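To start, the structure under review is shown below, and the notes come after it.
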Amino acid sequence: SNAYRYINFSISNQFYMMCKNQGLDFFKIRDLMRDNYKRNTNIPKAGFTAGPCLLKDAMQLSSFYNHKFSLIHSAMLINEDLPIFIIKKLSEKYDLRKKTVGVLGLSFKAENDDIRDSLSIKLLKHLKSKKIRTLQSDEYYKDKNNIDKNLLVRKSDIIIISTPHRAYKNLKINKKKVLIDIWGLVEKNRKTFLVTGGTGFIGSNICELLVNKNYRVKIYDNNSRGNLSKIKKIKKKIKFIKGDIRNKELLNRALKNTDAVIHLAYVNGTGNF
């Protein structure tokens with residue numbers, strides 16, 4: 001079981017590295033691969049794949065098979081190389097000796113204080129070996145060099161989320177900061193949609209679809225034809241702005257920090273013409 005999982009994780013990690021090398025968005029491609037295709041539902045996210053069991057059990061199985069289990073060895077090279085790959089890609093764009101790199105999360109998996117075989121620790125050691133200034137934080141593992149996560153975010157030029165603790169999901173990270181989030185964890189990676197006419201029949205269904213795909217959603221509607229009851233399932237997950245589409249000032253405020261607009265606001269019905 002662990003050998004199978006270890007290989008599966010390596011596939012996503014290889015895809016992640018391929019996408020980065022080609023300047024593509026791994027998360028978008030993964031979403032497209034999984035969209036309405038049940039066979040791809042279980043494609044894992046990329047991320048540091050480590051810990052005392054996954055690799056150990058995989059290598060024991062390989063040993064039992066006289067080291068002819070080539071998939072395991074390929075998976076090990078991919079998974080263990082991911083921290084080095086991240087540093088290499090950063091070095092291509094920045095002079096890291098002039099930057100402060102913050103590492104968020106040191107344990108080998110989320111909501112845990114176990115650092116055995118942690119690739120986060122491997123990442124930190126490689127950064128330090130290159131004389132790069134580092135800051136570190138973890139929600140569970142205690143270390144004298146740890147600092148508060150919010151302080152790390154403020155003081156770092158580059159922030160690497162190496163362990164996907166839930167506490168990092170809603171961190172406020174300035175857009176000027178360089179964020180490396182191999183897990184696709186934090187809010188910064190989510191696109192924001194403004195849907196005008198979002199409480200109507202079509203708009204409410206589109207909004208529900210966007211929420212289910214983990215997008216941020218703002219609805220702009222005066223409810224002249226729509227109704228808030230149509231968005232009751234998602235009302236706690238969206239931002240509703242009551243306003244007329246002809247109110248330019250209010251509409252411009254609603255458009256701030258928006259990545260895309262789905263414009264559905266209009267007057268319909270024979271009684272209006």
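Ordering of the structure tokens sets the chain letters (A, B, ...); residue numbers start at 1 within each chain; ligands are numbered from 1 in the order shown.
Residues surrounding Tyr16 (chain A) within 7 Å are Ser12, Lys20, Phe26 and Ala46 of chain A [only C-alpha atoms; sequence separation below 4 positions excluded].
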Would you export the selected residues with N, CA, C and O atoms as a compact mmCIF listing (two decimals), in the first residue's frame, please?
```
# COMPACT_ATOMS: atom_id res chain seq x y z
N SER A 12 2.51 12.92 -9.58
CA SER A 12 2.09 14.32 -9.49
C SER A 12 3.29 15.24 -9.30
O SER A 12 3.31 16.35 -9.85
N LYS A 20 6.37 23.42 -14.16
CA LYS A 20 7.22 24.55 -13.78
C LYS A 20 8.28 24.82 -14.84
O LYS A 20 8.57 25.98 -15.17
N PHE A 26 0.40 23.94 -12.90
CA PHE A 26 0.09 22.55 -12.56
C PHE A 26 -1.33 22.41 -12.01
O PHE A 26 -2.04 21.47 -12.35
N ALA A 46 0.56 17.71 -5.80
CA ALA A 46 2.01 17.66 -5.62
C ALA A 46 2.32 17.99 -4.16
O ALA A 46 1.48 18.52 -3.44
```
Can you tell me which residues surround Gly47 (chain A) at a distance of at most 12 Å, considering only C-alpha atoms, apart from same-chain residues fewer than 2 positions away, and format the answer as an mmCIF file with all heavy atoms, in the first residue's frame?
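Listing of selection_23.cif after writing:
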```
data_model
loop_
_atom_site.group_PDB
_atom_site.id
_atom_site.type_symbol
_atom_site.label_atom_id
_atom_site.label_comp_id
_atom_site.auth_asym_id
_atom_site.auth_seq_id
_atom_site.Cartn_x
_atom_site.Cartn_y
_atom_site.Cartn_z
ATOM 1 N N TYR A 6 3.445 5.880 -2.673
ATOM 2 C CA TYR A 6 4.686 6.603 -2.920
ATOM 3 C C TYR A 6 4.892 6.853 -4.417
ATOM 4 O O TYR A 6 5.292 7.939 -4.829
ATOM 5 C CB TYR A 6 5.857 5.805 -2.343
ATOM 6 C CG TYR A 6 7.157 6.569 -2.269
ATOM 7 C CD1 TYR A 6 7.336 7.585 -1.334
ATOM 8 C CD2 TYR A 6 8.207 6.277 -3.134
ATOM 9 C CE1 TYR A 6 8.533 8.289 -1.266
ATOM 10 C CE2 TYR A 6 9.411 6.976 -3.067
ATOM 11 C CZ TYR A 6 9.557 7.978 -2.119
ATOM 12 O OH TYR A 6 10.748 8.679 -2.053
ATOM 13 N N ASN A 8 2.445 6.884 -6.696
ATOM 14 C CA ASN A 8 1.398 7.805 -7.136
ATOM 15 C C ASN A 8 1.760 9.259 -6.858
ATOM 16 O O ASN A 8 1.571 10.146 -7.706
ATOM 17 C CB ASN A 8 0.070 7.476 -6.444
ATOM 18 C CG ASN A 8 -0.799 6.562 -7.283
ATOM 19 O OD1 ASN A 8 -0.520 6.335 -8.451
ATOM 20 N ND2 ASN A 8 -1.850 6.023 -6.696
ATOM 21 N N PHE A 9 2.278 9.510 -5.663
ATOM 22 C CA PHE A 9 2.682 10.876 -5.319
ATOM 23 C C PHE A 9 3.796 11.360 -6.255
ATOM 24 O O PHE A 9 3.842 12.533 -6.633
ATOM 25 C CB PHE A 9 3.164 10.942 -3.873
ATOM 26 C CG PHE A 9 2.070 10.754 -2.854
ATOM 27 C CD1 PHE A 9 2.286 9.996 -1.707
ATOM 28 C CD2 PHE A 9 0.825 11.326 -3.029
ATOM 29 C CE1 PHE A 9 1.287 9.815 -0.768
ATOM 30 C CE2 PHE A 9 -0.187 11.153 -2.092
ATOM 31 C CZ PHE A 9 0.045 10.400 -0.958
ATOM 32 N N SER A 10 4.688 10.458 -6.622
ATOM 33 C CA SER A 10 5.808 10.857 -7.486
ATOM 34 C C SER A 10 5.323 11.276 -8.873
ATOM 35 O O SER A 10 5.940 12.132 -9.517
ATOM 36 C CB SER A 10 6.824 9.713 -7.607
ATOM 37 O OG SER A 10 6.359 8.684 -8.461
ATOM 38 N N ILE A 11 4.233 10.688 -9.332
ATOM 39 C CA ILE A 11 3.681 11.055 -10.643
ATOM 40 C C ILE A 11 3.249 12.519 -10.634
ATOM 41 O O ILE A 11 3.579 13.299 -11.538
ATOM 42 C CB ILE A 11 2.507 10.136 -11.027
ATOM 43 C CG1 ILE A 11 2.992 8.696 -11.216
ATOM 44 C CG2 ILE A 11 1.816 10.653 -12.294
ATOM 45 C CD1 ILE A 11 1.874 7.686 -11.388
ATOM 46 N N SER A 12 2.515 12.917 -9.585
ATOM 47 C CA SER A 12 2.093 14.315 -9.485
ATOM 48 C C SER A 12 3.287 15.242 -9.298
ATOM 49 O O SER A 12 3.314 16.349 -9.855
ATOM 50 C CB SER A 12 1.104 14.490 -8.328
ATOM 51 O OG SER A 12 -0.159 13.947 -8.676
ATOM 52 N N ASN A 13 4.274 14.805 -8.533
ATOM 53 C CA ASN A 13 5.463 15.638 -8.348
ATOM 54 C C ASN A 13 6.230 15.811 -9.653
ATOM 55 O O ASN A 13 6.764 16.886 -9.937
ATOM 56 C CB ASN A 13 6.364 15.040 -7.261
ATOM 57 C CG ASN A 13 5.815 15.269 -5.866
ATOM 58 O OD1 ASN A 13 5.028 16.184 -5.636
ATOM 59 N ND2 ASN A 13 6.216 14.433 -4.918
ATOM 60 N N GLN A 14 6.268 14.743 -10.458
ATOM 61 C CA GLN A 14 6.920 14.863 -11.771
ATOM 62 C C GLN A 14 6.141 15.804 -12.679
ATOM 63 O O GLN A 14 6.725 16.656 -13.360
ATOM 64 C CB GLN A 14 7.012 13.477 -12.417
ATOM 65 C CG GLN A 14 7.685 13.482 -13.790
ATOM 66 C CD GLN A 14 9.187 13.647 -13.696
ATOM 67 O OE1 GLN A 14 9.903 12.670 -13.537
ATOM 68 N NE2 GLN A 14 9.680 14.872 -13.796
ATOM 69 N N PHE A 15 4.817 15.691 -12.673
ATOM 70 C CA PHE A 15 3.986 16.607 -13.455
ATOM 71 C C PHE A 15 4.207 18.052 -13.005
ATOM 72 O O PHE A 15 4.278 18.969 -13.830
ATOM 73 C CB PHE A 15 2.501 16.246 -13.303
ATOM 74 C CG PHE A 15 2.063 15.050 -14.110
ATOM 75 C CD1 PHE A 15 0.854 14.428 -13.844
ATOM 76 C CD2 PHE A 15 2.841 14.566 -15.142
ATOM 77 C CE1 PHE A 15 0.430 13.336 -14.584
ATOM 78 C CE2 PHE A 15 2.435 13.469 -15.897
ATOM 79 C CZ PHE A 15 1.222 12.853 -15.613
ATOM 80 N N TYR A 16 4.296 18.246 -11.688
ATOM 81 C CA TYR A 16 4.515 19.595 -11.143
ATOM 82 C C TYR A 16 5.826 20.178 -11.678
ATOM 83 O O TYR A 16 5.868 21.326 -12.134
ATOM 84 C CB TYR A 16 4.539 19.540 -9.618
ATOM 85 C CG TYR A 16 4.909 20.852 -8.952
ATOM 86 C CD1 TYR A 16 3.932 21.819 -8.716
ATOM 87 C CD2 TYR A 16 6.221 21.134 -8.575
ATOM 88 C CE1 TYR A 16 4.260 23.033 -8.120
ATOM 89 C CE2 TYR A 16 6.553 22.335 -7.980
ATOM 90 C CZ TYR A 16 5.570 23.281 -7.755
ATOM 91 O OH TYR A 16 5.903 24.486 -7.163
ATOM 92 N N MET A 17 6.889 19.384 -11.644
ATOM 93 C CA MET A 17 8.189 19.862 -12.111
ATOM 94 C C MET A 17 8.179 20.116 -13.618
ATOM 95 O O MET A 17 8.764 21.087 -14.107
ATOM 96 C CB MET A 17 9.289 18.869 -11.718
ATOM 97 C CG MET A 17 9.565 18.850 -10.222
ATOM 98 S SD MET A 17 11.017 17.873 -9.734
ATOM 99 C CE MET A 17 10.304 16.238 -9.622
ATOM 100 N N PHE A 26 0.396 23.945 -12.896
ATOM 101 C CA PHE A 26 0.089 22.550 -12.560
ATOM 102 C C PHE A 26 -1.329 22.411 -12.012
ATOM 103 O O PHE A 26 -2.042 21.466 -12.346
ATOM 104 C CB PHE A 26 1.093 22.022 -11.540
ATOM 105 C CG PHE A 26 0.682 20.732 -10.883
ATOM 106 C CD1 PHE A 26 0.816 19.526 -11.552
ATOM 107 C CD2 PHE A 26 0.141 20.722 -9.604
ATOM 108 C CE1 PHE A 26 0.423 18.327 -10.958
ATOM 109 C CE2 PHE A 26 -0.251 19.534 -9.001
ATOM 110 C CZ PHE A 26 -0.112 18.333 -9.680
ATOM 111 N N PHE A 27 -1.749 23.350 -11.180
ATOM 112 C CA PHE A 27 -3.049 23.240 -10.517
ATOM 113 C C PHE A 27 -4.188 23.332 -11.526
ATOM 114 O O PHE A 27 -5.173 22.599 -11.427
ATOM 115 C CB PHE A 27 -3.179 24.331 -9.450
ATOM 116 C CG PHE A 27 -2.067 24.310 -8.442
ATOM 117 C CD1 PHE A 27 -1.079 25.283 -8.465
ATOM 118 C CD2 PHE A 27 -1.980 23.296 -7.504
ATOM 119 C CE1 PHE A 27 -0.041 25.251 -7.554
ATOM 120 C CE2 PHE A 27 -0.941 23.256 -6.591
ATOM 121 C CZ PHE A 27 0.037 24.232 -6.615
ATOM 122 N N PRO A 44 -3.375 12.689 -7.070
ATOM 123 C CA PRO A 44 -2.992 13.457 -5.870
ATOM 124 C C PRO A 44 -2.419 14.820 -6.222
ATOM 125 O O PRO A 44 -2.032 15.078 -7.364
ATOM 126 C CB PRO A 44 -1.924 12.571 -5.212
ATOM 127 C CG PRO A 44 -1.349 11.767 -6.328
ATOM 128 C CD PRO A 44 -2.465 11.551 -7.314
ATOM 129 N N LYS A 45 -2.381 15.688 -5.229
ATOM 130 C CA LYS A 45 -1.700 16.970 -5.394
ATOM 131 C C LYS A 45 -0.198 16.737 -5.327
ATOM 132 O O LYS A 45 0.267 15.709 -4.855
ATOM 133 C CB LYS A 45 -2.115 17.941 -4.282
ATOM 134 C CG LYS A 45 -3.565 18.375 -4.345
ATOM 135 C CD LYS A 45 -3.862 19.365 -3.239
ATOM 136 C CE LYS A 45 -5.307 19.852 -3.310
ATOM 137 N NZ LYS A 45 -5.595 20.832 -2.231
ATOM 138 N N THR A 49 6.845 14.379 -0.306
ATOM 139 C CA THR A 49 6.409 13.015 0.006
ATOM 140 C C THR A 49 7.494 12.333 0.807
ATOM 141 O O THR A 49 8.534 11.952 0.264
ATOM 142 C CB THR A 49 6.133 12.235 -1.299
ATOM 143 O OG1 THR A 49 5.194 12.964 -2.086
ATOM 144 C CG2 THR A 49 5.584 10.857 -0.990
ATOM 145 N N ALA A 50 7.257 12.196 2.111
ATOM 146 C CA ALA A 50 8.324 11.689 2.980
ATOM 147 C C ALA A 50 7.716 11.053 4.219
ATOM 148 O O ALA A 50 6.537 10.710 4.245
ATOM 149 C CB ALA A 50 9.264 12.832 3.356
ATOM 150 N N ILE A 78 12.474 11.215 -7.909
ATOM 151 C CA ILE A 78 11.566 12.347 -8.129
ATOM 152 C C ILE A 78 11.201 13.002 -6.805
ATOM 153 O O ILE A 78 11.342 14.224 -6.630
ATOM 154 C CB ILE A 78 10.293 11.884 -8.865
ATOM 155 C CG1 ILE A 78 10.625 11.429 -10.282
ATOM 156 C CG2 ILE A 78 9.245 13.003 -8.887
ATOM 157 C CD1 ILE A 78 9.523 10.639 -10.955
ATOM 158 N N ASN A 79 10.717 12.211 -5.858
ATOM 159 C CA ASN A 79 10.239 12.762 -4.590
ATOM 160 C C ASN A 79 11.359 13.406 -3.775
ATOM 161 O O ASN A 79 11.192 14.505 -3.230
ATOM 162 C CB ASN A 79 9.561 11.664 -3.757
ATOM 163 C CG ASN A 79 8.242 11.215 -4.356
ATOM 164 O OD1 ASN A 79 7.569 11.964 -5.064
ATOM 165 N ND2 ASN A 79 7.868 9.973 -4.092
ATOM 166 N N GLU A 80 12.491 12.745 -3.703
ATOM 167 C CA GLU A 80 13.593 13.257 -2.890
ATOM 168 C C GLU A 80 14.254 14.481 -3.527
ATOM 169 O O GLU A 80 14.892 15.282 -2.843
ATOM 170 C CB GLU A 80 14.651 12.156 -2.677
ATOM 171 C CG GLU A 80 14.195 11.036 -1.755
ATOM 172 C CD GLU A 80 14.079 11.472 -0.308
ATOM 173 O OE1 GLU A 80 14.995 12.169 0.183
ATOM 174 O OE2 GLU A 80 13.057 11.133 0.332
ATOM 175 N N ASP A 81 14.084 14.636 -4.842
ATOM 176 C CA ASP A 81 14.722 15.748 -5.549
ATOM 177 C C ASP A 81 13.877 17.014 -5.550
ATOM 178 O O ASP A 81 14.365 18.081 -5.926
ATOM 179 C CB ASP A 81 15.019 15.335 -6.999
ATOM 180 C CG ASP A 81 15.940 16.325 -7.704
ATOM 181 O OD1 ASP A 81 17.010 16.632 -7.137
ATOM 182 O OD2 ASP A 81 15.591 16.796 -8.806
ATOM 183 N N LEU A 82 12.630 16.925 -5.103
ATOM 184 C CA LEU A 82 11.740 18.084 -5.181
ATOM 185 C C LEU A 82 12.270 19.309 -4.417
ATOM 186 O O LEU A 82 12.210 20.436 -4.944
ATOM 187 C CB LEU A 82 10.336 17.705 -4.702
ATOM 188 C CG LEU A 82 9.241 18.755 -4.895
ATOM 189 C CD1 LEU A 82 9.181 19.250 -6.330
ATOM 190 C CD2 LEU A 82 7.883 18.180 -4.475
ATOM 191 N N PRO A 83 12.807 19.171 -3.200
ATOM 192 C CA PRO A 83 13.367 20.355 -2.528
ATOM 193 C C PRO A 83 14.505 21.004 -3.319
ATOM 194 O O PRO A 83 14.602 22.231 -3.400
ATOM 195 C CB PRO A 83 13.875 19.799 -1.189
ATOM 196 C CG PRO A 83 13.088 18.558 -0.960
ATOM 197 C CD PRO A 83 12.864 17.981 -2.319
ATOM 198 N N ILE A 86 13.126 22.975 -6.267
ATOM 199 C CA ILE A 86 12.555 24.272 -5.878
ATOM 200 C C ILE A 86 13.660 25.313 -5.720
ATOM 201 O O ILE A 86 13.542 26.444 -6.210
ATOM 202 C CB ILE A 86 11.746 24.121 -4.570
ATOM 203 C CG1 ILE A 86 10.455 23.340 -4.853
ATOM 204 C CG2 ILE A 86 11.425 25.484 -3.965
ATOM 205 C CD1 ILE A 86 9.691 22.950 -3.620
ATOM 206 N N PHE A 108 6.916 16.220 8.572
ATOM 207 C CA PHE A 108 6.830 15.549 7.271
ATOM 208 C C PHE A 108 5.409 15.492 6.725
ATOM 209 O O PHE A 108 5.200 15.218 5.535
ATOM 210 C CB PHE A 108 7.448 14.140 7.327
ATOM 211 C CG PHE A 108 6.573 13.080 7.944
ATOM 212 C CD1 PHE A 108 5.612 12.416 7.195
ATOM 213 C CD2 PHE A 108 6.716 12.714 9.271
ATOM 214 C CE1 PHE A 108 4.814 11.428 7.746
ATOM 215 C CE2 PHE A 108 5.935 11.728 9.838
ATOM 216 C CZ PHE A 108 4.969 11.088 9.079
ATOM 217 N N LYS A 109 4.418 15.770 7.584
ATOM 218 C CA LYS A 109 3.042 15.851 7.099
ATOM 219 C C LYS A 109 2.258 16.839 7.951
ATOM 220 O O LYS A 109 2.710 17.254 9.023
ATOM 221 C CB LYS A 109 2.364 14.483 7.091
ATOM 222 C CG LYS A 109 2.130 13.861 8.459
ATOM 223 C CD LYS A 109 1.401 12.535 8.307
ATOM 224 C CE LYS A 109 1.143 11.885 9.664
ATOM 225 N NZ LYS A 109 0.420 10.603 9.504
ATOM 226 N N ALA A 110 1.082 17.207 7.473
ATOM 227 C CA ALA A 110 0.295 18.247 8.125
ATOM 228 C C ALA A 110 -0.264 17.806 9.470
ATOM 229 O O ALA A 110 -0.473 16.614 9.716
ATOM 230 C CB ALA A 110 -0.857 18.665 7.211
ATOM 231 N N SER A 118 11.827 14.219 7.108
ATOM 232 C CA SER A 118 11.072 15.334 6.540
ATOM 233 C C SER A 118 11.849 16.013 5.416
ATOM 234 O O SER A 118 13.010 16.397 5.582
ATOM 235 C CB SER A 118 10.756 16.355 7.634
ATOM 236 O OG SER A 118 10.248 17.542 7.068
ATOM 237 N N LEU A 119 11.203 16.186 4.275
ATOM 238 C CA LEU A 119 11.822 16.905 3.170
ATOM 239 C C LEU A 119 11.851 18.413 3.427
ATOM 240 O O LEU A 119 12.621 19.137 2.799
ATOM 241 C CB LEU A 119 11.092 16.599 1.867
ATOM 242 C CG LEU A 119 11.251 15.169 1.335
ATOM 243 C CD1 LEU A 119 10.515 14.995 0.022
ATOM 244 C CD2 LEU A 119 12.712 14.796 1.171
ATOM 245 N N SER A 120 11.026 18.878 4.350
ATOM 246 C CA SER A 120 11.089 20.283 4.754
ATOM 247 C C SER A 120 12.425 20.572 5.428
ATOM 248 O O SER A 120 13.047 21.616 5.197
ATOM 249 C CB SER A 120 9.946 20.606 5.728
ATOM 250 O OG SER A 120 8.701 20.249 5.192
ATOM 251 N N ILE A 160 8.161 29.665 1.307
ATOM 252 C CA ILE A 160 7.932 28.304 0.803
ATOM 253 C C ILE A 160 7.035 27.568 1.793
ATOM 254 O O ILE A 160 7.398 27.400 2.957
ATOM 255 C CB ILE A 160 9.254 27.534 0.626
ATOM 256 C CG1 ILE A 160 10.186 28.276 -0.333
ATOM 257 C CG2 ILE A 160 8.978 26.117 0.113
ATOM 258 C CD1 ILE A 160 11.576 27.655 -0.439
ATOM 259 N N ILE A 161 5.864 27.159 1.337
ATOM 260 C CA ILE A 161 5.003 26.336 2.189
ATOM 261 C C ILE A 161 5.407 24.889 1.974
ATOM 262 O O ILE A 161 5.098 24.281 0.948
ATOM 263 C CB ILE A 161 3.517 26.541 1.862
ATOM 264 C CG1 ILE A 161 3.130 27.995 2.122
ATOM 265 C CG2 ILE A 161 2.648 25.600 2.686
ATOM 266 C CD1 ILE A 161 1.687 28.310 1.876
ATOM 267 N N SER A 162 6.135 24.360 2.935
ATOM 268 C CA SER A 162 6.681 23.013 2.774
ATOM 269 C C SER A 162 5.822 21.949 3.458
ATOM 270 O O SER A 162 5.912 20.771 3.114
ATOM 271 C CB SER A 162 8.118 22.959 3.312
ATOM 272 O OG SER A 162 8.175 23.474 4.620
ATOM 273 N N THR A 163 5.017 22.342 4.423
ATOM 274 C CA THR A 163 4.085 21.421 5.078
ATOM 275 C C THR A 163 2.702 22.075 5.078
ATOM 276 O O THR A 163 2.573 23.226 5.514
ATOM 277 C CB THR A 163 4.508 21.140 6.531
ATOM 278 O OG1 THR A 163 5.869 20.720 6.558
ATOM 279 C CG2 THR A 163 3.633 20.053 7.151
ATOM 280 N N PRO A 164 1.661 21.400 4.600
ATOM 281 C CA PRO A 164 0.350 22.055 4.429
ATOM 282 C C PRO A 164 -0.506 22.091 5.692
ATOM 283 O O PRO A 164 -1.641 21.604 5.709
ATOM 284 C CB PRO A 164 -0.302 21.196 3.335
ATOM 285 C CG PRO A 164 0.239 19.819 3.592
ATOM 286 C CD PRO A 164 1.660 20.019 4.059
ATOM 287 N N ILE A 180 6.003 30.140 -2.893
ATOM 288 C CA ILE A 180 6.130 28.802 -3.478
ATOM 289 C C ILE A 180 5.197 27.883 -2.686
ATOM 290 O O ILE A 180 5.455 27.539 -1.540
ATOM 291 C CB ILE A 180 7.586 28.285 -3.400
ATOM 292 C CG1 ILE A 180 8.558 29.287 -4.029
ATOM 293 C CG2 ILE A 180 7.692 26.915 -4.070
ATOM 294 C CD1 ILE A 180 8.301 29.574 -5.491
ATOM 295 N N ASP A 181 4.108 27.524 -3.311
ATOM 296 C CA ASP A 181 3.084 26.702 -2.654
ATOM 297 C C ASP A 181 2.830 25.459 -3.502
ATOM 298 O O ASP A 181 1.926 25.419 -4.320
ATOM 299 C CB ASP A 181 1.806 27.517 -2.472
ATOM 300 C CG ASP A 181 0.696 26.726 -1.795
ATOM 301 O OD1 ASP A 181 0.990 25.659 -1.229
ATOM 302 O OD2 ASP A 181 -0.460 27.180 -1.832
ATOM 303 N N ILE A 182 3.672 24.461 -3.306
ATOM 304 C CA ILE A 182 3.564 23.252 -4.128
ATOM 305 C C ILE A 182 2.273 22.483 -3.860
ATOM 306 O O ILE A 182 1.863 21.652 -4.675
ATOM 307 C CB ILE A 182 4.772 22.309 -3.912
ATOM 308 C CG1 ILE A 182 4.954 21.996 -2.426
ATOM 309 C CG2 ILE A 182 6.034 22.904 -4.498
ATOM 310 C CD1 ILE A 182 6.077 21.026 -2.140
ATOM 311 N N TRP A 183 1.638 22.777 -2.726
ATOM 312 C CA TRP A 183 0.401 22.065 -2.358
ATOM 313 C C TRP A 183 -0.850 22.734 -2.933
ATOM 314 O O TRP A 183 -1.930 22.142 -2.904
ATOM 315 C CB TRP A 183 0.278 22.009 -0.842
ATOM 316 C CG TRP A 183 1.463 21.461 -0.129
ATOM 317 C CD1 TRP A 183 2.551 22.155 0.333
ATOM 318 C CD2 TRP A 183 1.718 20.097 0.190
ATOM 319 N NE1 TRP A 183 3.449 21.303 0.928
ATOM 320 C CE2 TRP A 183 2.960 20.024 0.856
ATOM 321 C CE3 TRP A 183 0.995 18.911 0.001
ATOM 322 C CZ2 TRP A 183 3.517 18.834 1.319
ATOM 323 C CZ3 TRP A 183 1.545 17.720 0.457
ATOM 324 C CH2 TRP A 183 2.779 17.694 1.100
ATOM 325 N N GLY A 184 -0.717 23.986 -3.390
ATOM 326 C CA GLY A 184 -1.909 24.725 -3.808
ATOM 327 C C GLY A 184 -2.808 25.007 -2.628
ATOM 328 O O GLY A 184 -4.037 24.948 -2.718
ATOM 329 N N LEU A 185 -2.202 25.346 -1.480
ATOM 330 C CA LEU A 185 -2.940 25.421 -0.220
ATOM 331 C C LEU A 185 -3.579 26.772 0.039
ATOM 332 O O LEU A 185 -4.756 26.853 0.390
ATOM 333 C CB LEU A 185 -1.989 25.083 0.941
ATOM 334 C CG LEU A 185 -2.580 25.155 2.353
ATOM 335 C CD1 LEU A 185 -3.516 23.984 2.603
ATOM 336 C CD2 LEU A 185 -1.465 25.173 3.398
#
```
Enumerate the residues of region 137-246 of chain A with a DSSP assignment of strand (DSSP E or B), computed from the backbone, and present them as a list in words.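 Matching residues, listed in order: Ser137, Asn146, Ile158, Ile159, Ile160, Ile161, Val178, Leu179, Ile180, Asp181, Thr192, Phe193, Leu194, Val195, Thr196, Arg216, Val217, Lys218, Ile219, Tyr220, Asp221, Lys239, Phe240, Ile241 and Lys242 of chain A.
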Keeping only N, CA and C atoms, write those residues as a compact mmCIF listing (two decimals), in the first residue's frame.
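As a result, result-v8.txt now contains:
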```txt
# COMPACT_ATOMS: atom_id res chain seq x y z
N SER A 137 9.27 28.20 10.62
CA SER A 137 8.11 28.19 11.52
C SER A 137 7.38 26.86 11.37
N ASN A 146 12.45 28.53 15.67
CA ASN A 146 11.15 28.83 15.09
C ASN A 146 10.68 30.24 15.45
N ILE A 158 10.92 35.54 0.15
CA ILE A 158 10.40 34.34 -0.51
C ILE A 158 9.83 33.43 0.57
N ILE A 159 8.63 32.93 0.35
CA ILE A 159 7.96 32.07 1.33
C ILE A 159 7.68 30.73 0.67
N ILE A 160 8.16 29.66 1.31
CA ILE A 160 7.93 28.30 0.80
C ILE A 160 7.03 27.57 1.79
N ILE A 161 5.86 27.16 1.34
CA ILE A 161 5.00 26.34 2.19
C ILE A 161 5.41 24.89 1.97
N VAL A 178 7.29 36.55 -2.96
CA VAL A 178 7.36 35.36 -3.82
C VAL A 178 6.86 34.18 -3.01
N LEU A 179 5.80 33.55 -3.48
CA LEU A 179 5.20 32.41 -2.77
C LEU A 179 5.41 31.13 -3.55
N ILE A 180 6.00 30.14 -2.89
CA ILE A 180 6.13 28.80 -3.48
C ILE A 180 5.20 27.88 -2.69
N ASP A 181 4.11 27.52 -3.31
CA ASP A 181 3.08 26.70 -2.65
C ASP A 181 2.83 25.46 -3.50
N THR A 192 -10.52 34.84 -8.14
CA THR A 192 -11.76 35.47 -7.67
C THR A 192 -12.64 35.84 -8.85
N PHE A 193 -13.88 35.37 -8.81
CA PHE A 193 -14.86 35.67 -9.85
C PHE A 193 -15.90 36.64 -9.31
N LEU A 194 -16.25 37.64 -10.10
CA LEU A 194 -17.40 38.49 -9.82
C LEU A 194 -18.51 38.07 -10.78
N VAL A 195 -19.64 37.67 -10.23
CA VAL A 195 -20.77 37.24 -11.06
C VAL A 195 -21.89 38.27 -10.89
N THR A 196 -22.16 39.03 -11.96
CA THR A 196 -23.28 39.96 -11.91
C THR A 196 -24.55 39.18 -12.24
N ARG A 216 -12.94 31.74 -5.29
CA ARG A 216 -13.61 32.79 -4.53
C ARG A 216 -14.71 33.38 -5.42
N VAL A 217 -15.84 33.70 -4.81
CA VAL A 217 -16.97 34.21 -5.59
C VAL A 217 -17.57 35.43 -4.92
N LYS A 218 -17.74 36.49 -5.74
CA LYS A 218 -18.49 37.67 -5.31
C LYS A 218 -19.72 37.79 -6.22
N ILE A 219 -20.86 38.02 -5.62
CA ILE A 219 -22.09 38.18 -6.40
C ILE A 219 -22.54 39.63 -6.32
N TYR A 220 -22.81 40.21 -7.48
CA TYR A 220 -23.31 41.59 -7.57
C TYR A 220 -24.69 41.54 -8.19
N ASP A 221 -25.71 41.91 -7.41
CA ASP A 221 -27.09 41.79 -7.90
C ASP A 221 -27.99 42.70 -7.08
N LYS A 239 -19.29 36.29 -1.21
CA LYS A 239 -19.54 37.66 -0.77
C LYS A 239 -20.65 38.23 -1.64
N PHE A 240 -21.72 38.67 -0.99
CA PHE A 240 -22.84 39.23 -1.74
C PHE A 240 -22.82 40.75 -1.65
N ILE A 241 -22.90 41.40 -2.81
CA ILE A 241 -22.94 42.87 -2.88
C ILE A 241 -24.25 43.25 -3.56
N LYS A 242 -25.12 43.93 -2.79
CA LYS A 242 -26.39 44.35 -3.38
C LYS A 242 -26.20 45.68 -4.11
```
Backbone DSSP call of alpha helix (DSSP H) for region 111-166 of chain A, listed as a PyMOL selection string: chain A and resi 119-129+149-155
Using only C-alpha atoms, can you tell me which of A:Ile132, A:Ala265, A:Leu32, A:Ala254 comes closest to Thr199 (chain A)?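 Once distances to Thr199 (chain A) are computed over only C-alpha atoms, the minimum belongs to A:Ala265.
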Record the distance separating CA of His73 (chain A) and CA of Cys53 (chain A), expressed in Å with one decimal. 15.6 Å
Residues at most 12 Å from region 93-96 of chain A, counting only C-alpha atoms, excluding those fewer than 6 positions away in the same chain, as a list in words?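 In the requested form, the answer reads Ile86, Ile87, Gly102, Leu127, Lys128, Lys130, Lys131, Ile132, Arg133, Thr134, Ser156, Asp157, Ile158 and Val178 of chain A.
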Determine, counting only C-alpha atoms, which protein, DNA and RNA residues have an atom within 8 Å of an atom of Lys149 (chain A); residues of the same chain fewer than 4 positions away are not included. Present the result as a ChimeraX atom specification. /A:104,137-138,153
Dump C-alpha atoms for the selected residues as a JSON list (two decimals), in the first residue's frame?
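Generated file (again27.json):
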```
[["chain", "number", "residue", "atom", "x", "y", "z"],
["A", 104, "LEU", "CA", 6.59, 27.33, 6.64],
["A", 137, "SER", "CA", 8.11, 28.19, 11.52],
["A", 138, "ASP", "CA", 5.94, 25.23, 12.40],
["A", 153, "VAL", "CA", 5.56, 36.14, 6.28]]
```
